[in-house]
Every structure is written in C-alpha cells, then in structure tokens.
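S.K.: First the structure, then my questions, so here it is.
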Amino acid sequence: MAKNFEFDHPQRLSGMQLRNGYCLAPLSTRTARFSGEVSRDDCYFHEIHAKQVGMDIVGSAYVHPSGSTVTGSISVADDQKISGLHHLAKTIQGQGARAILQIVHAGRMTNRIATNGAPVVAPSTVTATHGKVDVPMTLSVDDIYKIVDQFGAATQRAILAGFDGVEIHGANSFLLQQFMSPLTNKRTDQFGGSLANRVRFPLMVAKRVLNVSQQAQQPFVVGYRLSPEEIEPHGLSIIDNLALAQLLTALPLSYLSLSMRDYNQMPVTQITDKSVRALFKGVVGNLPLMVAGGIKGATDVCQLEGSADLLAIGQQLILNPSWPSDLHRSKGQPENEISDAWQAGLPQSIFRYL
C-alpha cells in the first residue's frame, strides 16, 4: 500500500481547516488587466490549480501603484478592485481550497512602466543592480507610515473580498526585505542602522495587518514570507533574519513561509552544519513553517516530514494540477511533462513568464 504523508491529511491553521498541507505557491502569472483588475485569465488559472490544494496563495497583489512588482500584477490598492478580487476568491473556494492573497510593495525592485507612472520608492536611494528598475526616491518617515496604512487597507479589502487570509510578502528583495538589508537600507533615523531599527518597519506592517485582520467575521489567516538571506556582499545575513523570525513568533501570525530555491539549501552567510530549513524550524517553535524550493515528488515530501508544516508548490502544480493525488503513484519520479491538450487550454501568457 502506498505511504500516506502527513501533508495529505487535513490541517488546522488559526482556527481554519485546510483539506491538506499542500499549497499553491504565490506565482507572478502577469495575467491581470493593465489597471490591476482581476482578469478572466486569473480566474481560469486559479480555478484549475486550486482543485487539490489546501491553500491557493495568489501572488504579489500590490498595496499601492508604486509598489507594483511587474506589469500584469493584481492590485489591491483601491476599493474598485474588491469586486474582481471577490470573484477570484469565490473561484478558488469553489474548488475546495482556502484563498490567500499575498500583499506586496516592490520598493526599489520596479520601474515606472510597472507602476503606471507612480514614483519608485525605497528605504534609501540605492538602485538595484539587476532587473528592469529605476532609481528610487528615498521614503520620508511620513511616507513609511503611509505604506503601513496601505498594507492595513489592503488587508481590509481582502476581508471584504471574501479571502480567507493574506500573506505579507517580505521576501524576494521587495520593500520589507529592503528595510532589513544593510545593502539597501542606508538610513540614519529610527528605521535604519542597527538591527533593532531595521526590523521596525516589517514588524509595524505585520502588527497593522494582524490588527486589521481582527475585523474578519470568521477565521482569517495571516502569514509572512521571507527570503532567508542575501548572497551579495554586505547584504542581509541569515542571523538577522532569524532574529526577525523570532520576533514574528511573538505575534499571532498563522505561519512563516521560506522562499528558497532548494528546500535543503545550506546558509551562505553563516558557517553551520544545519540547513536553512532546520535553523528556522529551531527558531519559530510552534509557529507553522511553510517551505518551498525544488519539491518535485514523493522522495522530497517524505524528507520534509517533521521539519515543515506546509509545503508551497510552484512548478509541479503548474505542470500538473493533480500533483497531490498523483504524488503516491510518482514514487519520487520528477513530473516534468505536461500534456499538449492541457497546455493548449491555458492562456499562453502564463507560459511566457514561468
């Protein structure tokens, strides 16, 4: 008889039941309308991919036009977007999955085309060395507080749209990570310099989102996603992010998500014989840990038992939306093929950006 994994079974998260521990990782499909409104392609993609997961995390919904990560991203920046977001949430929930909206501000990792002309902003005027980016403007203290408000307002819109939760995007070099990193945060005020100052903005955002989440009339999930470290010289160290993770455990978060290229990767900014996953698992205590990065088959899932609570699956679910139920038949073999018939039914714009 095929082995049943612990992730196959229903999970409890902040009072909410999930049918399993497999989650559609937050993806940038770039299928929203130019205005940031939810499109039919968005709904079609998630209708297909929410059929067998416990949570479907809709990727990179920007909280303000200046925070759009790329053209084609979904907006949660104003009340006019609530209707389309409601339709998307209902589409996901209609497939039996919980609908989670990832909320983000790009900071310096964007340009005026992606922001529809809104200024590009950052903790400091330090231009990114990769990507199609513009020179950012340094945020004033008042601007920082306004962005905290924008995350709160985005959370309220997610509630009104009927989502089951939000995920705060503090990973992938976007604004929250920029405040954490000495490479991008050159401030000399209360938001820069020491680690105690650099964690201030991420914690303010998390606290505001959690406070607003209490307005929900039913269980509402709040997660936080981070990238463990930066490999650039003088960048964000894993020690600093472990400190942030420990501070986040003091808040009533639902889970912490690690954005990684490989779930077994080792730290590069700290000499240790422990994997990144093991280090964070040791810090977060009872806070559920979501892990992503190269999870392809049964062998990987088996290896993650006991060291992760939720699995964020991207590539394999794109290739095969039935991956959770097919997992046991795969016996660890990679599932890299996709039928021509199934691919033909998807908007081709999705495949351009995978």
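Each chain in the structure tokens gets a letter, A, B, ..., in the order shown, and its residues are numbered from 1; ligands are numbered from 1 in order too.
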Just the residues within 12 Å of Gly293 of chain A, please, counting only C-alpha atoms, with nothing from its chain fewer than 6 positions along; format it as a VMD selection string.
M.R.: chain A and resid 25 227 257 to 265 276 to 277 300 to 301 304 311 to 316
S.K.: Write a file of the selected residues as a short mmCIF file (atom, residue, chain, number, x, y, z; two decimals), in the first residue's frame, keeping N, CA and C atoms.
M.R.:
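selection.cif, freshly written:
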data_model
loop_
_atom_site.label_atom_id
_atom_site.label_comp_id
_atom_site.auth_asym_id
_atom_site.auth_seq_id
_atom_site.Cartn_x
_atom_site.Cartn_y
_atom_site.Cartn_z
N ALA A 25 2.02 27.75 -4.40
CA ALA A 25 2.93 28.85 -4.06
C ALA A 25 2.50 30.13 -4.76
N SER A 227 12.78 35.73 2.46
CA SER A 227 13.93 35.06 1.88
C SER A 227 14.99 34.96 2.97
N SER A 257 6.66 31.61 6.04
CA SER A 257 6.98 30.93 4.79
C SER A 257 8.40 31.29 4.35
N LEU A 258 9.18 30.28 3.99
CA LEU A 258 10.54 30.49 3.49
C LEU A 258 10.55 30.39 1.97
N SER A 259 10.99 31.45 1.32
CA SER A 259 11.13 31.47 -0.13
C SER A 259 12.55 31.03 -0.46
N MET A 260 12.70 29.80 -0.98
CA MET A 260 14.02 29.24 -1.25
C MET A 260 14.07 28.61 -2.63
N ARG A 261 15.26 28.49 -3.17
CA ARG A 261 15.43 27.79 -4.46
C ARG A 261 15.51 26.29 -4.25
N ASP A 262 15.92 25.86 -3.03
CA ASP A 262 16.08 24.44 -2.71
C ASP A 262 15.74 24.25 -1.24
N TYR A 263 14.81 23.36 -0.96
CA TYR A 263 14.38 23.18 0.44
C TYR A 263 15.49 22.65 1.33
N ASN A 264 16.56 22.10 0.73
CA ASN A 264 17.69 21.58 1.51
C ASN A 264 18.89 22.52 1.51
N GLN A 265 18.73 23.75 1.02
CA GLN A 265 19.89 24.62 0.87
C GLN A 265 20.54 24.94 2.21
N VAL A 276 19.19 25.70 6.10
CA VAL A 276 18.37 26.89 6.35
C VAL A 276 17.05 26.49 7.00
N ARG A 277 16.44 25.46 6.47
CA ARG A 277 15.14 24.99 7.00
C ARG A 277 15.25 24.62 8.48
N ASP A 300 10.95 13.88 -1.96
CA ASP A 300 11.09 15.20 -1.33
C ASP A 300 10.08 15.38 -0.20
N VAL A 301 8.85 15.02 -0.47
CA VAL A 301 7.80 15.18 0.54
C VAL A 301 8.12 14.35 1.78
N LEU A 304 10.68 15.98 3.97
CA LEU A 304 10.23 17.19 4.66
C LEU A 304 9.32 16.90 5.84
N LEU A 311 3.69 22.85 2.67
CA LEU A 311 4.57 22.85 1.51
C LEU A 311 4.00 23.79 0.45
N ALA A 312 4.83 24.72 -0.03
CA ALA A 312 4.44 25.63 -1.11
C ALA A 312 5.00 25.06 -2.42
N ILE A 313 4.10 24.68 -3.31
CA ILE A 313 4.48 24.01 -4.55
C ILE A 313 4.19 24.94 -5.71
N GLY A 314 5.18 25.18 -6.54
CA GLY A 314 5.00 26.04 -7.70
C GLY A 314 5.06 25.26 -8.99
N GLN A 315 6.26 24.93 -9.44
CA GLN A 315 6.46 24.33 -10.76
C GLN A 315 5.65 23.06 -10.97
N GLN A 316 5.67 22.17 -9.99
CA GLN A 316 4.99 20.90 -10.19
C GLN A 316 3.48 21.05 -10.31
#
S.K.: Need the shell around Pro26 of chain A: protein/DNA/RNA residues with any atom at most 9 Å away, counting only C-alpha atoms. Skip same-chain ones fewer than 6 positions apart. Format as an MDAnalysis selection string?
M.R.: chainID A and resid 56:60 101:102 312:314
S.K.: What is the distance, in Å and to one decimal place, between atom CA of Val199 of chain A and atom CA of Asn185 of chain A?
M.R.: 11.1 Å
S.K.: With only C-alpha atoms as the atoms that count, which of A:Gln218, A:Thr138, A:Thr91, A:Ser66 lies nearest to Phe179 of chain A?
M.R.: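 Of A:Gln218, A:Thr138, A:Thr91, A:Ser66, the one nearest Phe179 of chain A, counting only C-alpha atoms, is A:Thr138.
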S.K.: Compile the contact shell of segment 153-162 of chain A as a PDB file with N, CA and C atoms, in the first residue's frame: residues with an atom at most 8 Å away, counting only C-alpha atoms, same-chain residues fewer than 4 positions apart removed.
M.R.:
ATOM      1  N   VAL A  63      -0.141  46.851  -2.887  1.00  0.00           N
ATOM      2  CA  VAL A  63      -0.954  47.633  -1.956  1.00  0.00           C
ATOM      3  C   VAL A  63      -1.063  49.093  -2.381  1.00  0.00           C
ATOM      4  N   VAL A  76      -4.568  45.457  -5.157  1.00  0.00           N
ATOM      5  CA  VAL A  76      -5.487  45.532  -4.023  1.00  0.00           C
ATOM      6  C   VAL A  76      -5.361  46.923  -3.407  1.00  0.00           C
ATOM      7  N   ALA A  77      -5.070  47.905  -4.293  1.00  0.00           N
ATOM      8  CA  ALA A  77      -4.705  49.252  -3.858  1.00  0.00           C
ATOM      9  C   ALA A  77      -5.880  50.198  -3.711  1.00  0.00           C
ATOM     10  N   ASP A  78      -7.071  49.823  -4.184  1.00  0.00           N
ATOM     11  CA  ASP A  78      -8.223  50.713  -4.038  1.00  0.00           C
ATOM     12  C   ASP A  78      -9.501  49.884  -4.013  1.00  0.00           C
ATOM     13  N   ASP A  79     -10.580  50.509  -3.561  1.00  0.00           N
ATOM     14  CA  ASP A  79     -11.835  49.782  -3.354  1.00  0.00           C
ATOM     15  C   ASP A  79     -12.461  49.278  -4.650  1.00  0.00           C
ATOM     16  N   ILE A  82     -12.202  45.493  -5.365  1.00  0.00           N
ATOM     17  CA  ILE A  82     -12.793  44.490  -4.470  1.00  0.00           C
ATOM     18  C   ILE A  82     -13.698  43.521  -5.222  1.00  0.00           C
ATOM     19  N   SER A  83     -14.486  44.012  -6.165  1.00  0.00           N
ATOM     20  CA  SER A  83     -15.421  43.150  -6.886  1.00  0.00           C
ATOM     21  C   SER A  83     -14.690  42.031  -7.628  1.00  0.00           C
ATOM     22  N   LEU A  85     -11.645  40.938  -7.062  1.00  0.00           N
ATOM     23  CA  LEU A  85     -10.985  40.086  -6.073  1.00  0.00           C
ATOM     24  C   LEU A  85     -11.984  39.124  -5.442  1.00  0.00           C
ATOM     25  N   HIS A  86     -13.203  39.593  -5.241  1.00  0.00           N
ATOM     26  CA  HIS A  86     -14.260  38.734  -4.683  1.00  0.00           C
ATOM     27  C   HIS A  86     -14.534  37.552  -5.624  1.00  0.00           C
ATOM     28  N   HIS A  87     -14.602  37.839  -6.903  1.00  0.00           N
ATOM     29  CA  HIS A  87     -14.838  36.781  -7.878  1.00  0.00           C
ATOM     30  C   HIS A  87     -13.698  35.770  -7.867  1.00  0.00           C
ATOM     31  N   ALA A  89     -11.641  35.112  -5.300  1.00  0.00           N
ATOM     32  CA  ALA A  89     -11.705  34.349  -4.049  1.00  0.00           C
ATOM     33  C   ALA A  89     -12.764  33.256  -4.136  1.00  0.00           C
ATOM     34  N   LYS A  90     -13.929  33.594  -4.672  1.00  0.00           N
ATOM     35  CA  LYS A  90     -15.007  32.614  -4.794  1.00  0.00           C
ATOM     36  C   LYS A  90     -14.631  31.493  -5.761  1.00  0.00           C
ATOM     37  N   LEU A 101      -4.465  35.906  -0.188  1.00  0.00           N
ATOM     38  CA  LEU A 101      -3.970  36.969  -1.053  1.00  0.00           C
ATOM     39  C   LEU A 101      -2.624  37.456  -0.532  1.00  0.00           C
ATOM     40  N   ILE A 103       0.153  40.091  -0.260  1.00  0.00           N
ATOM     41  CA  ILE A 103       0.170  41.546  -0.426  1.00  0.00           C
ATOM     42  C   ILE A 103       1.616  42.035  -0.375  1.00  0.00           C
ATOM     43  N   ASP A 149      -0.101  52.028   6.535  1.00  0.00           N
ATOM     44  CA  ASP A 149      -1.552  52.192   6.368  1.00  0.00           C
ATOM     45  C   ASP A 149      -2.056  51.457   5.125  1.00  0.00           C
ATOM     46  N   VAL A 166      -4.337  36.608   4.266  1.00  0.00           N
ATOM     47  CA  VAL A 166      -3.335  37.319   3.475  1.00  0.00           C
ATOM     48  C   VAL A 166      -1.956  36.795   3.856  1.00  0.00           C
ATOM     49  N   VAL A 209      -1.346  44.630   9.907  1.00  0.00           N
ATOM     50  CA  VAL A 209      -2.134  43.627   9.190  1.00  0.00           C
ATOM     51  C   VAL A 209      -2.885  42.731  10.178  1.00  0.00           C
ATOM     52  N   VAL A 212      -5.857  44.671  11.692  1.00  0.00           N
ATOM     53  CA  VAL A 212      -6.987  44.779  10.765  1.00  0.00           C
ATOM     54  C   VAL A 212      -7.656  43.426  10.570  1.00  0.00           C
ATOM     55  N   SER A 213      -6.885  42.355  10.608  1.00  0.00           N
ATOM     56  CA  SER A 213      -7.449  41.020  10.378  1.00  0.00           C
ATOM     57  C   SER A 213      -8.505  40.649  11.415  1.00  0.00           C
ATOM     58  N   GLN A 215     -10.956  42.282  12.104  1.00  0.00           N
ATOM     59  CA  GLN A 215     -12.258  42.706  11.619  1.00  0.00           C
ATOM     60  C   GLN A 215     -13.001  41.574  10.909  1.00  0.00           C
ATOM     61  N   ALA A 216     -12.277  40.525  10.534  1.00  0.00           N
ATOM     62  CA  ALA A 216     -12.914  39.412   9.839  1.00  0.00           C
ATOM     63  C   ALA A 216     -13.919  38.728  10.759  1.00  0.00           C
TER      64      ALA A 216
END
S.K.: Counting only C-alpha atoms, what is within 8 Å of Ala128 of chain A, bar same-chain residues fewer than 6 positions away, as a short mmCIF file (atom, residue, chain, number, x, y, z; two decimals) with N, CA and C atoms, in the first residue's frame?
M.R.:
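Done, and the output landed in part_13.cif:
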data_model
loop_
_atom_site.label_atom_id
_atom_site.label_comp_id
_atom_site.auth_asym_id
_atom_site.auth_seq_id
_atom_site.Cartn_x
_atom_site.Cartn_y
_atom_site.Cartn_z
N ARG A 108 12.21 49.33 -4.37
CA ARG A 108 13.07 49.72 -5.49
C ARG A 108 13.05 48.73 -6.65
N MET A 109 12.48 47.53 -6.46
CA MET A 109 12.54 46.48 -7.47
C MET A 109 11.41 46.62 -8.49
N VAL A 135 15.83 54.43 -10.70
CA VAL A 135 16.45 54.99 -9.50
C VAL A 135 15.33 55.34 -8.51
#
S.K.: Using only C-alpha atoms, what does the table of segment 123-236 of chain A residues within 12 Å of segment 47-55 of chain A look like, with each row giving the shortest atom pair and its distance in Å to one decimal, sorted by chain and ascending number, as a Markdown table?
M.R.:
| residue | atom | partner | partner_atom | distance |
| --- | --- | --- | --- | --- |
| A:Phe163 | CA | A:Met55 | CA | 11.0 |
| A:Asp164 | CA | A:Met55 | CA | 9.2 |
| A:Gly165 | CA | A:Met55 | CA | 9.7 |
| A:Val166 | CA | A:Met55 | CA | 11.0 |
| A:Glu167 | CA | A:Met55 | CA | 11.3 |
| A:Val221 | CA | A:Met55 | CA | 10.4 |
| A:Gly223 | CA | A:Met55 | CA | 11.8 |
S.K.: Which residues are near segment 6-16 of chain A? Cut-off 8 Å, only C-alpha atoms, ignore same chain within fewer than 3 positions. Put them as a list in words.
M.R.: Arg19, Asn20, Gly21, Tyr22, Pro219, Phe220, Val221, Ser254, Glu305, Asp309, Leu310, Leu311 and Pro324 of chain A
S.K.: Could those selected residues go to a file with C-alpha atoms, as a PDB file, in the first residue's frame?
M.R.:
ATOM      1  CA  ARG A  19      -8.035  19.809   3.382  1.00  0.00           C
ATOM      2  CA  ASN A  20      -4.286  19.148   3.227  1.00  0.00           C
ATOM      3  CA  GLY A  21      -0.881  20.745   3.728  1.00  0.00           C
ATOM      4  CA  TYR A  22      -0.094  21.344   0.056  1.00  0.00           C
ATOM      5  CA  PRO A 219     -11.069  32.677  10.940  1.00  0.00           C
ATOM      6  CA  PHE A 220      -8.576  34.661   8.902  1.00  0.00           C
ATOM      7  CA  VAL A 221      -5.008  33.553   8.179  1.00  0.00           C
ATOM      8  CA  SER A 254      -0.587  31.883  11.280  1.00  0.00           C
ATOM      9  CA  GLU A 305       8.031  15.353   7.128  1.00  0.00           C
ATOM     10  CA  ASP A 309       4.196  22.031   8.402  1.00  0.00           C
ATOM     11  CA  LEU A 310       3.082  23.271   4.980  1.00  0.00           C
ATOM     12  CA  LEU A 311       4.566  22.853   1.505  1.00  0.00           C
ATOM     13  CA  PRO A 324      -1.121  15.976  -4.817  1.00  0.00           C
TER      14      PRO A 324
END
S.K.: Using only C-alpha atoms, which residue out of A:Thr299, A:Ser181, A:Asn241, A:Ser39 lies closest to Leu279 of chain A?
M.R.: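 Counting only C-alpha atoms, the residue closest to Leu279 of chain A is A:Asn241.
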S.K.: What parts of segment 63-158 of chain A does DSSP call alpha helix (DSSP H)? I'd like the answer as a count of residues only.
M.R.: 30
S.K.: Give me, as a list in words, all polymer residues having an atom no more than 7 Å from Met180 of chain A, counting only C-alpha atoms and skipping those fewer than 4 positions away in the same chain.
M.R.: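 Near Met180 of chain A, the qualifying residues are Leu176, Arg198, Val199 and Leu236 of chain A.
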S.K.: Give me, please, the distance in Å between atom CA of Tyr44 of chain A and atom CA of Ala32 of chain A, quoted to one decimal.
M.R.: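 One can read the atom CA of Tyr44 of chain A to atom CA of Ala32 of chain A distance as 11.5 Å.
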S.K.: Here is a test: counting only C-alpha atoms, which residue of A:Val133, A:Leu88, A:Leu24, A:Ile74 is nearest to Arg40 of chain A?
M.R.: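 Ranking A:Val133, A:Leu88, A:Leu24, A:Ile74 by distance to Arg40 of chain A, first place goes to A:Leu88.
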S.K.: Please extract the residues of segment 214-293 of chain A with a backbone DSSP assignment of strand (DSSP E) and present them as JSON, numbers by chain.
M.R.: {"A": [221, 222, 223, 224, 225, 226, 255, 256, 257, 258, 289, 290, 291, 292]}
S.K.: Neighbours of Cys302 of chain A within 12 Å (only C-alpha atoms; same-chain residues fewer than 5 positions away dropped), as a ChimeraX atom specification?
M.R.: /A:3-8,295-297,307-308,311,327-328,331-332
S.K.: Can I get the selected residues back with C-alpha atoms, as a PDB file, in the first residue's frame?
M.R.:
ATOM      1  CA  LYS A   3       2.547   5.548   2.024  1.00  0.00           C
ATOM      2  CA  ASN A   4       0.327   8.361   3.251  1.00  0.00           C
ATOM      3  CA  PHE A   5       2.215  11.546   4.028  1.00  0.00           C
ATOM      4  CA  GLU A   6       1.363  13.790   6.956  1.00  0.00           C
ATOM      5  CA  PHE A   7       0.709  16.581   4.452  1.00  0.00           C
ATOM      6  CA  ASP A   8      -2.120  14.533   2.884  1.00  0.00           C
ATOM      7  CA  ILE A 295       9.771  19.931  -4.157  1.00  0.00           C
ATOM      8  CA  LYS A 296       9.107  17.545  -7.034  1.00  0.00           C
ATOM      9  CA  GLY A 297       7.986  14.136  -5.827  1.00  0.00           C
ATOM     10  CA  SER A 307      10.670  19.629   9.529  1.00  0.00           C
ATOM     11  CA  ALA A 308       7.895  21.573   7.759  1.00  0.00           C
ATOM     12  CA  LEU A 311       4.566  22.853   1.505  1.00  0.00           C
ATOM     13  CA  LEU A 327       2.147  12.018  -5.718  1.00  0.00           C
ATOM     14  CA  HIS A 328       1.904   8.453  -4.469  1.00  0.00           C
ATOM     15  CA  LYS A 331       7.288   7.102  -6.291  1.00  0.00           C
ATOM     16  CA  GLY A 332       9.624  10.085  -6.290  1.00  0.00           C
TER      17      GLY A 332
END
